[in-house]
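J.: Supplied structure: work18.pdb, PDB, C-alpha atoms.
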```pdb
ATOM      1  CA  MET B   1    -188.426  65.226-150.545
ATOM      2  CA  LEU B   2    -185.189  63.270-150.935
ATOM      3  CA  LYS B   3    -183.300  66.082-149.219
ATOM      4  CA  GLN B   4    -185.790  65.975-146.344
ATOM      5  CA  ALA B   5    -185.454  62.197-146.082
ATOM      6  CA  GLY B   6    -181.658  62.581-146.036
ATOM      7  CA  ALA B   7    -181.909  65.144-143.249
ATOM      8  CA  VAL B   8    -184.105  62.803-141.201
ATOM      9  CA  LEU B   9    -181.684  59.927-141.757
ATOM     10  CA  ALA B  10    -178.716  62.105-140.744
ATOM     11  CA  SER B  11    -180.579  63.084-137.571
ATOM     12  CA  LEU B  12    -181.290  59.436-136.854
ATOM     13  CA  ILE B  13    -177.610  58.542-137.241
ATOM     14  CA  PHE B  14    -176.649  61.387-134.917
ATOM     15  CA  LEU B  15    -179.146  60.276-132.291
ATOM     16  CA  SER B  16    -177.937  56.725-132.713
ATOM     17  CA  SER B  17    -174.373  57.744-131.921
ATOM     18  CA  ILE B  18    -175.699  58.997-128.585
ATOM     19  CA  GLY B  19    -177.487  55.691-128.166
ATOM     20  CA  PHE B  20    -174.236  53.751-128.556
ATOM     21  CA  ALA B  21    -172.892  55.608-125.554
ATOM     22  CA  GLN B  22    -175.825  54.125-123.654
ATOM     23  CA  ASP B  23    -175.175  50.542-124.833
ATOM     24  CA  GLY B  24    -177.599  50.876-127.740
ATOM     25  CA  HIS B  25    -177.219  49.319-131.191
ATOM     26  CA  PHE B  26    -178.507  49.399-134.751
ATOM     27  CA  ASP B  27    -180.638  46.963-136.643
ATOM     28  CA  PHE B  28    -181.805  46.931-140.240
ATOM     29  CA  SER B  29    -184.861  45.146-141.629
ATOM     30  CA  VAL B  30    -186.167  44.259-145.091
ATOM     31  CA  ASN B  31    -189.933  43.668-145.275
ATOM     32  CA  GLY B  32    -192.480  42.567-147.860
ATOM     33  CA  ALA B  33    -195.984  43.985-147.397
ATOM     34  CA  GLY B  34    -199.491  43.806-148.754
ATOM     35  CA  VAL B  35    -201.299  47.138-149.153
ATOM     36  CA  PHE B  36    -205.036  47.440-148.498
ATOM     37  CA  THR B  37    -206.769  50.819-148.761
ATOM     38  CA  LYS B  38    -210.158  51.749-147.332
ATOM     39  CA  GLN B  39    -212.905  53.370-149.380
ATOM     40  CA  SER B  40    -213.587  57.059-148.831
ATOM     41  CA  SER B  41    -215.837  59.650-150.419
ATOM     42  CA  GLY B  42    -216.450  63.376-150.688
ATOM     43  CA  ASN B  43    -217.647  66.004-153.177
ATOM     44  CA  GLY B  44    -219.683  63.368-155.013
ATOM     45  CA  ILE B  45    -216.635  61.180-155.644
ATOM     46  CA  THR B  46    -215.997  57.701-154.257
ATOM     47  CA  GLN B  47    -212.326  56.772-153.990
ATOM     48  CA  THR B  48    -210.890  53.297-153.551
ATOM     49  CA  ALA B  49    -207.682  51.554-154.558
ATOM     50  CA  THR B  50    -206.733  48.139-155.814
ATOM     51  CA  GLU B  51    -204.971  45.774-153.469
ATOM     52  CA  GLY B  52    -201.268  46.338-153.905
ATOM     53  CA  ALA B  53    -197.909  45.057-152.761
ATOM     54  CA  GLY B  54    -194.478  46.414-152.083
ATOM     55  CA  GLY B  55    -191.750  46.495-149.530
ATOM     56  CA  PHE B  56    -190.002  48.735-147.063
ATOM     57  CA  GLY B  57    -186.726  48.898-145.210
ATOM     58  CA  THR B  58    -186.040  50.220-141.747
ATOM     59  CA  ILE B  59    -183.017  51.385-139.792
ATOM     60  CA  ARG B  60    -183.500  51.313-136.038
ATOM     61  CA  ALA B  61    -181.422  53.008-133.334
ATOM     62  CA  ARG B  62    -181.968  51.271-130.029
ATOM     63  CA  PHE B  63    -181.176  53.272-126.902
ATOM     64  CA  ASN B  64    -182.037  50.604-124.351
ATOM     65  CA  ALA B  65    -184.146  47.447-124.077
ATOM     66  CA  LYS B  66    -187.448  49.339-124.415
ATOM     67  CA  HIS B  67    -186.914  52.528-126.400
ATOM     68  CA  SER B  68    -185.942  52.915-130.066
ATOM     69  CA  PHE B  69    -186.269  55.242-133.025
ATOM     70  CA  VAL B  70    -186.737  53.961-136.561
ATOM     71  CA  PHE B  71    -186.497  55.452-140.063
ATOM     72  CA  ASN B  72    -188.568  53.781-142.817
ATOM     73  CA  TYR B  73    -188.380  53.928-146.587
ATOM     74  CA  GLY B  74    -190.954  52.015-148.655
ATOM     75  CA  ARG B  75    -192.168  51.559-152.241
ATOM     76  CA  TYR B  76    -195.617  50.290-153.240
ATOM     77  CA  LYS B  77    -197.789  50.042-156.359
ATOM     78  CA  ASN B  78    -201.561  50.149-156.832
ATOM     79  CA  SER B  79    -204.308  51.884-158.812
ATOM     80  CA  GLN B  80    -206.155  54.816-157.275
ATOM     81  CA  ILE B  81    -209.797  54.586-158.400
ATOM     82  CA  TYR B  82    -212.158  57.580-158.656
ATOM     83  CA  GLN B  83    -215.837  56.939-159.369
ATOM     84  CA  SER B  84    -218.203  59.762-160.283
ATOM     85  CA  ILE B  85    -219.772  59.950-163.742
ATOM     86  CA  ASP B  86    -217.157  57.539-165.051
ATOM     87  CA  ASN B  87    -214.685  55.144-163.480
ATOM     88  CA  PHE B  88    -211.105  56.481-163.551
ATOM     89  CA  HIS B  89    -207.997  54.505-162.585
ATOM     90  CA  ILE B  90    -204.632  56.161-161.957
ATOM     91  CA  LEU B  91    -201.808  53.633-161.793
ATOM     92  CA  ALA B  92    -199.352  54.979-159.242
ATOM     93  CA  ASN B  93    -196.123  54.311-157.421
ATOM     94  CA  ILE B  94    -196.146  55.259-153.739
ATOM     95  CA  SER B  95    -192.973  56.148-151.837
ATOM     96  CA  GLU B  96    -192.937  56.291-148.040
ATOM     97  CA  TYR B  97    -190.535  58.317-145.916
ATOM     98  CA  SER B  98    -191.327  58.057-142.208
ATOM     99  CA  PHE B  99    -189.804  58.341-138.750
ATOM    100  CA  ALA B 100    -191.247  56.578-135.706
ATOM    101  CA  TYR B 101    -190.758  55.842-132.038
ATOM    102  CA  MET B 102    -190.753  52.123-131.201
ATOM    103  CA  PHE B 103    -191.555  50.771-127.744
ATOM    104  CA  THR B 104    -190.687  47.207-126.671
ATOM    105  CA  PRO B 105    -192.602  46.530-123.411
ATOM    106  CA  PHE B 106    -190.852  43.248-122.586
ATOM    107  CA  GLN B 107    -188.801  40.358-123.922
ATOM    108  CA  LYS B 108    -189.779  36.754-123.343
ATOM    109  CA  GLY B 109    -187.485  34.042-124.597
ATOM    110  CA  ARG B 110    -186.843  34.703-128.281
ATOM    111  CA  PHE B 111    -189.893  36.980-128.644
ATOM    112  CA  GLU B 112    -189.823  40.796-128.597
ATOM    113  CA  PRO B 113    -193.233  42.441-129.130
ATOM    114  CA  PHE B 114    -193.277  46.124-130.028
ATOM    115  CA  LEU B 115    -195.526  49.116-130.673
ATOM    116  CA  LEU B 116    -194.697  52.067-132.907
ATOM    117  CA  ALA B 117    -196.037  55.508-133.806
ATOM    118  CA  GLY B 118    -194.664  58.280-135.971
ATOM    119  CA  VAL B 119    -195.043  60.684-138.876
ATOM    120  CA  GLY B 120    -193.827  60.853-142.441
ATOM    121  CA  ALA B 121    -194.753  61.537-146.044
ATOM    122  CA  LEU B 122    -196.326  59.542-148.869
ATOM    123  CA  ARG B 123    -195.257  60.490-152.390
ATOM    124  CA  PHE B 124    -197.847  59.497-155.023
ATOM    125  CA  SER B 125    -196.314  59.288-158.526
ATOM    126  CA  PRO B 126    -198.801  58.633-161.373
ATOM    127  CA  ARG B 127    -197.735  56.258-164.156
ATOM    128  CA  SER B 128    -200.826  56.273-166.396
ATOM    129  CA  THR B 129    -204.534  57.152-166.295
ATOM    130  CA  TRP B 130    -207.388  55.033-167.625
ATOM    131  CA  VAL B 131    -211.151  55.432-167.888
ATOM    132  CA  PHE B 132    -213.289  52.283-167.612
ATOM    133  CA  PHE B 133    -216.780  51.896-169.072
ATOM    134  CA  PRO B 134    -219.505  49.298-168.325
ATOM    135  CA  PRO B 135    -218.757  45.860-169.849
ATOM    136  CA  LEU B 136    -219.276  45.740-173.603
ATOM    137  CA  PRO B 137    -220.466  42.717-175.612
ATOM    138  CA  GLY B 138    -217.933  40.584-177.437
ATOM    139  CA  ASP B 139    -214.246  41.381-177.244
ATOM    140  CA  ILE B 140    -214.562  45.165-177.391
ATOM    141  CA  PRO B 141    -212.204  46.750-174.798
ATOM    142  CA  ASN B 142    -213.991  48.701-172.094
ATOM    143  CA  ASN B 143    -211.031  50.871-171.050
ATOM    144  CA  ILE B 144    -209.152  53.717-172.690
ATOM    145  CA  GLN B 145    -205.882  55.329-171.664
ATOM    146  CA  ILE B 146    -206.216  59.100-171.377
ATOM    147  CA  ASN B 147    -204.045  62.057-170.388
ATOM    148  CA  LEU B 148    -205.374  64.232-167.559
ATOM    149  CA  ASN B 149    -201.969  65.744-166.702
ATOM    150  CA  ALA B 150    -201.890  63.926-163.374
ATOM    151  CA  ALA B 151    -199.082  65.339-161.224
ATOM    152  CA  LYS B 152    -196.962  63.907-158.442
ATOM    153  CA  GLN B 153    -198.323  64.710-154.992
ATOM    154  CA  THR B 154    -196.934  64.388-151.467
ATOM    155  CA  GLN B 155    -199.230  63.902-148.465
ATOM    156  CA  LEU B 156    -198.445  63.997-144.760
ATOM    157  CA  GLY B 157    -198.903  60.609-143.124
ATOM    158  CA  TYR B 158    -199.383  59.369-139.569
ATOM    159  CA  LEU B 159    -197.929  55.939-138.899
ATOM    160  CA  TYR B 160    -198.857  53.421-136.211
ATOM    161  CA  GLY B 161    -198.305  49.716-135.801
ATOM    162  CA  LEU B 162    -197.467  46.680-133.722
ATOM    163  CA  GLY B 163    -195.587  43.465-134.228
ATOM    164  CA  VAL B 164    -193.141  40.960-132.858
ATOM    165  CA  ASP B 165    -189.527  39.999-133.529
ATOM    166  CA  TYR B 166    -188.547  36.350-133.157
ATOM    167  CA  ARG B 167    -184.795  35.793-132.774
ATOM    168  CA  LEU B 168    -183.858  32.834-134.957
ATOM    169  CA  PRO B 169    -182.092  29.864-133.341
ATOM    170  CA  HIS B 170    -178.401  29.508-134.275
ATOM    171  CA  PHE B 171    -178.378  33.025-135.809
ATOM    172  CA  THR B 172    -177.631  35.511-133.052
ATOM    173  CA  ARG B 173    -177.908  38.532-135.361
ATOM    174  CA  LEU B 174    -181.039  37.530-137.289
ATOM    175  CA  ALA B 175    -184.716  37.784-136.360
ATOM    176  CA  LEU B 176    -188.029  37.206-138.126
ATOM    177  CA  ARG B 177    -190.375  40.197-137.916
ATOM    178  CA  LEU B 178    -194.167  39.971-138.217
ATOM    179  CA  GLN B 179    -196.007  43.258-138.012
ATOM    180  CA  TYR B 180    -199.052  45.285-138.925
ATOM    181  CA  ARG B 181    -198.738  48.955-139.864
ATOM    182  CA  GLY B 182    -201.376  51.544-140.656
ATOM    183  CA  ILE B 183    -200.871  54.924-142.328
ATOM    184  CA  LEU B 184    -203.435  57.744-142.175
ATOM    185  CA  TYR B 185    -203.187  60.460-144.833
ATOM    186  CA  LYS B 186    -205.184  62.875-146.975
ATOM    187  CA  GLU B 187    -206.411  61.252-150.191
ATOM    188  CA  PRO B 188    -204.450  62.368-153.285
ATOM    189  CA  ASP B 189    -206.172  64.053-156.221
ATOM    190  CA  PHE B 190    -203.029  64.393-158.396
ATOM    191  CA  ASN B 191    -203.912  68.076-158.917
ATOM    192  CA  ILE B 192    -206.709  67.100-161.281
ATOM    193  CA  ASP B 193    -209.284  69.825-160.630
ATOM    194  CA  ALA B 194    -210.763  72.970-162.116
ATOM    195  CA  ASN B 195    -208.080  75.134-160.503
ATOM    196  CA  HIS B 196    -205.492  73.387-162.683
ATOM    197  CA  GLY B 197    -207.383  73.587-165.977
ATOM    198  CA  SER B 198    -209.230  70.264-165.820
ATOM    199  CA  ILE B 199    -212.934  69.749-166.498
ATOM    200  CA  LEU B 200    -212.818  66.952-163.885
ATOM    201  CA  SER B 201    -212.064  66.950-160.197
ATOM    202  CA  PHE B 202    -210.711  64.045-158.135
ATOM    203  CA  PHE B 203    -210.679  66.060-154.900
ATOM    204  CA  THR B 204    -212.563  64.316-152.085
ATOM    205  CA  GLY B 205    -211.097  66.101-149.055
ATOM    206  CA  ALA B 206    -211.314  62.748-147.262
ATOM    207  CA  ARG B 207    -208.822  60.908-145.090
ATOM    208  CA  GLY B 208    -207.347  57.701-146.431
ATOM    209  CA  HIS B 209    -205.958  54.692-144.615
ATOM    210  CA  MET B 210    -203.451  52.106-145.819
ATOM    211  CA  ALA B 211    -203.224  48.817-143.933
ATOM    212  CA  GLU B 212    -199.922  46.960-144.336
ATOM    213  CA  PRO B 213    -199.492  43.458-142.929
ATOM    214  CA  SER B 214    -195.861  42.472-143.495
ATOM    215  CA  VAL B 215    -193.155  39.918-142.852
ATOM    216  CA  GLY B 216    -189.432  40.613-142.858
ATOM    217  CA  LEU B 217    -185.939  39.785-141.704
ATOM    218  CA  VAL B 218    -184.047  41.846-139.132
ATOM    219  CA  PHE B 219    -180.251  42.096-139.174
ATOM    220  CA  ARG B 220    -178.665  43.247-135.929
ATOM    221  CA  PHE B 221    -175.262  44.921-135.887
TER     222      PHE B 221
END
```
Spit out the file's structure as structure tokens when you get a sec.

T.:
Amino acid sequence: MLKQAGAVLASLIFLSSIGFAQDGHFDFSVNGAGVFTKQSSGNGITQTATEGAGGFGTIRARFNAKHSFVFNYGRYKNSQIYQSIDNFHILANISEYSFAYMFTPFQKGRFEPFLLAGVGALRFSPRSTWVFFPPLPGDIPNNIQINLNAAKQTQLGYLYGLGVDYRLPHFTRLALRLQYRGILYKEPDFNIDANHGSILSFFTGARGHMAEPSVGLVFRF
């Protein structure tokens, strides 16, 4: 996956060099985001996720006032929750590698609204797995860490979003970015199913959706 991300980034840099010949330029942004995942279900399993947080960086190649390409890399954390007979939580890191087209319809004063759409990959990396039971009386813990041999899994993602850049007064190369992004993907099951020697299955076959409101700083150069 890292090799693929490097190839995408190299392609972006190559395209950007063409953009410079057309009076284009680069910008780089650092963004903090909240992560909110919708509930989905399938095969008798209901899947949700805890609210998470993380951040992502972008490199944009701007070809003219309206048209740009952007490469994104992000890292997030949450717990993927699978409810069937019992309540299982897989604590996971999520890495995003994506490439998108960005359209800026107009500029008004210091404001630059934009729309974006693209594709990429989400890499789900499990950290630990827990099973939760109904609340117990007293101080008896109602969760146990278990080993289900959860494996890393990469899912294709479809990215869309909108936002606005506000160029900061007295800082010609800095802008504040407010945006909303959504990512559609196939829900991970971490290869926990009968085909991989497990007595459980976390496979839903459903489509997931991550909503990411974010705020960041843009550096133009």

J.: I'd like the box whose edges run along x, y and z of the file and which contains every listed atom of segment 55-68 of chain B, padded by 4 Å per side; could you state its centre and edge lengths in Å, one decimal, as lines of an AutoDock Vina configuration file?

T.:
```
center_x = -186.5
center_y = 49.9
center_z = -136.8
size_x = 18.6
size_y = 14.8
size_z = 33.5
```

J.: Have a look at atom CA of Leu176 of chain B and atom CA of Ile94 of chain B and let me know their distance in Å, one decimal.

T.: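 One can read the atom CA of Leu176 of chain B to atom CA of Ile94 of chain B distance as 25.2 Å.
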
J.: Quick one: apply the PyMOL selection byres ((chain B and resi 48-52) around 7) to the file and drop the selected residues here as a VMD selection string.

T.: chain B and resid 34 to 40 46 to 47 53 76 to 82

J.: Could you save those same residues with C-alpha atoms as a PDB file, keeping the file's coordinate frame?

T.:
```pdb
ATOM      1  CA  GLY B  34    -199.491  43.806-148.754  1.00  0.00           C
ATOM      2  CA  VAL B  35    -201.299  47.138-149.153  1.00  0.00           C
ATOM      3  CA  PHE B  36    -205.036  47.440-148.498  1.00  0.00           C
ATOM      4  CA  THR B  37    -206.769  50.819-148.761  1.00  0.00           C
ATOM      5  CA  LYS B  38    -210.158  51.749-147.332  1.00  0.00           C
ATOM      6  CA  GLN B  39    -212.905  53.370-149.380  1.00  0.00           C
ATOM      7  CA  SER B  40    -213.587  57.059-148.831  1.00  0.00           C
ATOM      8  CA  THR B  46    -215.997  57.701-154.257  1.00  0.00           C
ATOM      9  CA  GLN B  47    -212.326  56.772-153.990  1.00  0.00           C
ATOM     10  CA  ALA B  53    -197.909  45.057-152.761  1.00  0.00           C
ATOM     11  CA  TYR B  76    -195.617  50.290-153.240  1.00  0.00           C
ATOM     12  CA  LYS B  77    -197.789  50.042-156.359  1.00  0.00           C
ATOM     13  CA  ASN B  78    -201.561  50.149-156.832  1.00  0.00           C
ATOM     14  CA  SER B  79    -204.308  51.884-158.812  1.00  0.00           C
ATOM     15  CA  GLN B  80    -206.155  54.816-157.275  1.00  0.00           C
ATOM     16  CA  ILE B  81    -209.797  54.586-158.400  1.00  0.00           C
ATOM     17  CA  TYR B  82    -212.158  57.580-158.656  1.00  0.00           C
TER      18      TYR B  82
END
```

J.: Measuring between only C-alpha atoms, which one of B:Asn191, B:Thr104, B:Gln145, B:Ser98 shows the shortest distance to Ala121 of chain B?

T.: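 For Ala121 of chain B, the nearest of the candidates is B:Ser98.
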
J.: Within 12 Å of Ile192 of chain B, counting all atoms listed in the file, which residues qualify if same-chain residues fewer than 4 places away don't, as a tab-separated table (two decimals) with C-alpha atoms, keeping the file's coordinate frame?

T.:
```
chain	number	residue	atom	x	y	z
B	82	TYR	CA	-212.16	57.58	-158.66
B	88	PHE	CA	-211.10	56.48	-163.55
B	90	ILE	CA	-204.63	56.16	-161.96
B	126	PRO	CA	-198.80	58.63	-161.37
B	129	THR	CA	-204.53	57.15	-166.30
B	147	ASN	CA	-204.04	62.06	-170.39
B	148	LEU	CA	-205.37	64.23	-167.56
B	149	ASN	CA	-201.97	65.74	-166.70
B	150	ALA	CA	-201.89	63.93	-163.37
B	151	ALA	CA	-199.08	65.34	-161.22
B	152	LYS	CA	-196.96	63.91	-158.44
B	153	GLN	CA	-198.32	64.71	-154.99
B	188	PRO	CA	-204.45	62.37	-153.28
B	196	HIS	CA	-205.49	73.39	-162.68
B	197	GLY	CA	-207.38	73.59	-165.98
B	198	SER	CA	-209.23	70.26	-165.82
B	199	ILE	CA	-212.93	69.75	-166.50
B	200	LEU	CA	-212.82	66.95	-163.88
B	201	SER	CA	-212.06	66.95	-160.20
B	202	PHE	CA	-210.71	64.04	-158.14
B	203	PHE	CA	-210.68	66.06	-154.90
B	204	THR	CA	-212.56	64.32	-152.08
```

J.: On this structure, which residues satisfy the PyMOL selection byres ((chain B and resi 107-113) around 10), written as a ChimeraX atom specification?

T.: /B:65-66,103-106,114-115,162-169,175-179

J.: Given the choices B:Thr172, B:Asn87, B:Asn64, B:Asn72, which gets closest to Gly120 of chain B if the distance is worked out from all atoms listed in the file?

T.: B:Asn72

J.: Given the file shown, enumerate the residues that the PyMOL selection byres ((chain B and resi 133) around 8) captures and present them as an MDAnalysis selection string.

T.: chainID B and resid 86:87 131:132 134:135 142:143

J.: Write to file, as a compact mmCIF listing (two decimals), in the frame of the given file, the residues of the selection just made, with C-alpha atoms.

T.:
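The resulting out_20.txt:
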```txt
# COMPACT_ATOMS: atom_id res chain seq x y z
CA ASP B 86 -217.16 57.54 -165.05
CA ASN B 87 -214.68 55.14 -163.48
CA VAL B 131 -211.15 55.43 -167.89
CA PHE B 132 -213.29 52.28 -167.61
CA PRO B 134 -219.50 49.30 -168.32
CA PRO B 135 -218.76 45.86 -169.85
CA ASN B 142 -213.99 48.70 -172.09
CA ASN B 143 -211.03 50.87 -171.05
```

J.: What gap, in Å, lies between atom CA of Ser84 of chain B and atom CA of Leu159 of chain B?

T.: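 Interatomic distance here is 29.7 Å.
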
J.: Using all atoms listed in the file for the distances, tell me which of B:Tyr73, B:Phe124, B:Trp130, B:Phe221 is nearest to Val30 of chain B.

T.: B:Tyr73

J.: Atom CA of Leu217 of chain B and atom CA of Ala100 of chain B are how many Å apart?

T.: 18.6 Å

J.: Pick from B:Ala92, B:Ile85, B:Met102, B:Val218: nearest to Phe63 of chain B, with all atoms listed in the file counted?

T.: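 Closest to Phe63 of chain B, using all atoms listed in the file: B:Met102.
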
J.: Between B:Gly161, B:Gly205, B:Gly118, B:Gly74, which has the minimum distance to Phe56 of chain B (counting only C-alpha atoms)?

T.: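 Under the stated criterion, the closest residue is B:Gly74.
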
J.: Please return segment 41-58 of chain B, rebuilt to N, CA and C atoms, as a PDB file, keeping the file's coordinate frame.

T.:
```pdb
ATOM      1  N   SER B  41    -215.030  58.886-149.470  1.00  0.00           N
ATOM      2  CA  SER B  41    -215.837  59.650-150.419  1.00  0.00           C
ATOM      3  C   SER B  41    -215.961  61.097-149.969  1.00  0.00           C
ATOM      4  N   GLY B  42    -216.253  61.953-150.940  1.00  0.00           N
ATOM      5  CA  GLY B  42    -216.450  63.376-150.688  1.00  0.00           C
ATOM      6  C   GLY B  42    -216.626  64.114-151.996  1.00  0.00           C
ATOM      7  N   ASN B  43    -217.394  65.196-151.980  1.00  0.00           N
ATOM      8  CA  ASN B  43    -217.647  66.004-153.177  1.00  0.00           C
ATOM      9  C   ASN B  43    -218.233  65.183-154.324  1.00  0.00           C
ATOM     10  N   GLY B  44    -219.043  64.182-153.994  1.00  0.00           N
ATOM     11  CA  GLY B  44    -219.683  63.368-155.013  1.00  0.00           C
ATOM     12  C   GLY B  44    -218.779  62.342-155.664  1.00  0.00           C
ATOM     13  N   ILE B  45    -217.607  62.122-155.095  1.00  0.00           N
ATOM     14  CA  ILE B  45    -216.635  61.180-155.644  1.00  0.00           C
ATOM     15  C   ILE B  45    -216.377  60.085-154.629  1.00  0.00           C
ATOM     16  N   THR B  46    -216.372  58.834-155.097  1.00  0.00           N
ATOM     17  CA  THR B  46    -215.997  57.701-154.257  1.00  0.00           C
ATOM     18  C   THR B  46    -214.609  57.247-154.673  1.00  0.00           C
ATOM     19  N   GLN B  47    -213.705  57.157-153.697  1.00  0.00           N
ATOM     20  CA  GLN B  47    -212.326  56.772-153.990  1.00  0.00           C
ATOM     21  C   GLN B  47    -211.983  55.459-153.306  1.00  0.00           C
ATOM     22  N   THR B  48    -211.404  54.561-154.076  1.00  0.00           N
ATOM     23  CA  THR B  48    -210.890  53.297-153.551  1.00  0.00           C
ATOM     24  C   THR B  48    -209.518  53.076-154.187  1.00  0.00           C
ATOM     25  N   ALA B  49    -208.947  51.927-153.925  1.00  0.00           N
ATOM     26  CA  ALA B  49    -207.682  51.554-154.558  1.00  0.00           C
ATOM     27  C   ALA B  49    -207.631  50.047-154.675  1.00  0.00           C
ATOM     28  N   THR B  50    -206.922  49.581-155.688  1.00  0.00           N
ATOM     29  CA  THR B  50    -206.733  48.139-155.814  1.00  0.00           C
ATOM     30  C   THR B  50    -205.815  47.648-154.704  1.00  0.00           C
ATOM     31  N   GLU B  51    -205.917  46.366-154.403  1.00  0.00           N
ATOM     32  CA  GLU B  51    -204.971  45.774-153.469  1.00  0.00           C
ATOM     33  C   GLU B  51    -203.591  45.783-154.111  1.00  0.00           C
ATOM     34  N   GLY B  52    -202.610  46.211-153.360  1.00  0.00           N
ATOM     35  CA  GLY B  52    -201.268  46.338-153.905  1.00  0.00           C
ATOM     36  C   GLY B  52    -200.250  45.580-153.079  1.00  0.00           C
ATOM     37  N   ALA B  53    -199.004  45.718-153.462  1.00  0.00           N
ATOM     38  CA  ALA B  53    -197.909  45.057-152.761  1.00  0.00           C
ATOM     39  C   ALA B  53    -196.676  45.934-152.878  1.00  0.00           C
ATOM     40  N   GLY B  54    -195.724  45.660-152.039  1.00  0.00           N
ATOM     41  CA  GLY B  54    -194.478  46.414-152.083  1.00  0.00           C
ATOM     42  C   GLY B  54    -193.570  45.965-150.965  1.00  0.00           C
ATOM     43  N   GLY B  55    -192.683  46.826-150.597  1.00  0.00           N
ATOM     44  CA  GLY B  55    -191.750  46.495-149.530  1.00  0.00           C
ATOM     45  C   GLY B  55    -191.196  47.757-148.902  1.00  0.00           C
ATOM     46  N   PHE B  56    -190.627  47.603-147.739  1.00  0.00           N
ATOM     47  CA  PHE B  56    -190.002  48.735-147.063  1.00  0.00           C
ATOM     48  C   PHE B  56    -188.818  48.267-146.242  1.00  0.00           C
ATOM     49  N   GLY B  57    -187.883  49.162-146.057  1.00  0.00           N
ATOM     50  CA  GLY B  57    -186.726  48.898-145.210  1.00  0.00           C
ATOM     51  C   GLY B  57    -186.721  49.830-144.030  1.00  0.00           C
ATOM     52  N   THR B  58    -186.119  49.391-142.944  1.00  0.00           N
ATOM     53  CA  THR B  58    -186.040  50.220-141.747  1.00  0.00           C
ATOM     54  C   THR B  58    -184.619  50.202-141.196  1.00  0.00           C
TER      55      THR B  58
END
```
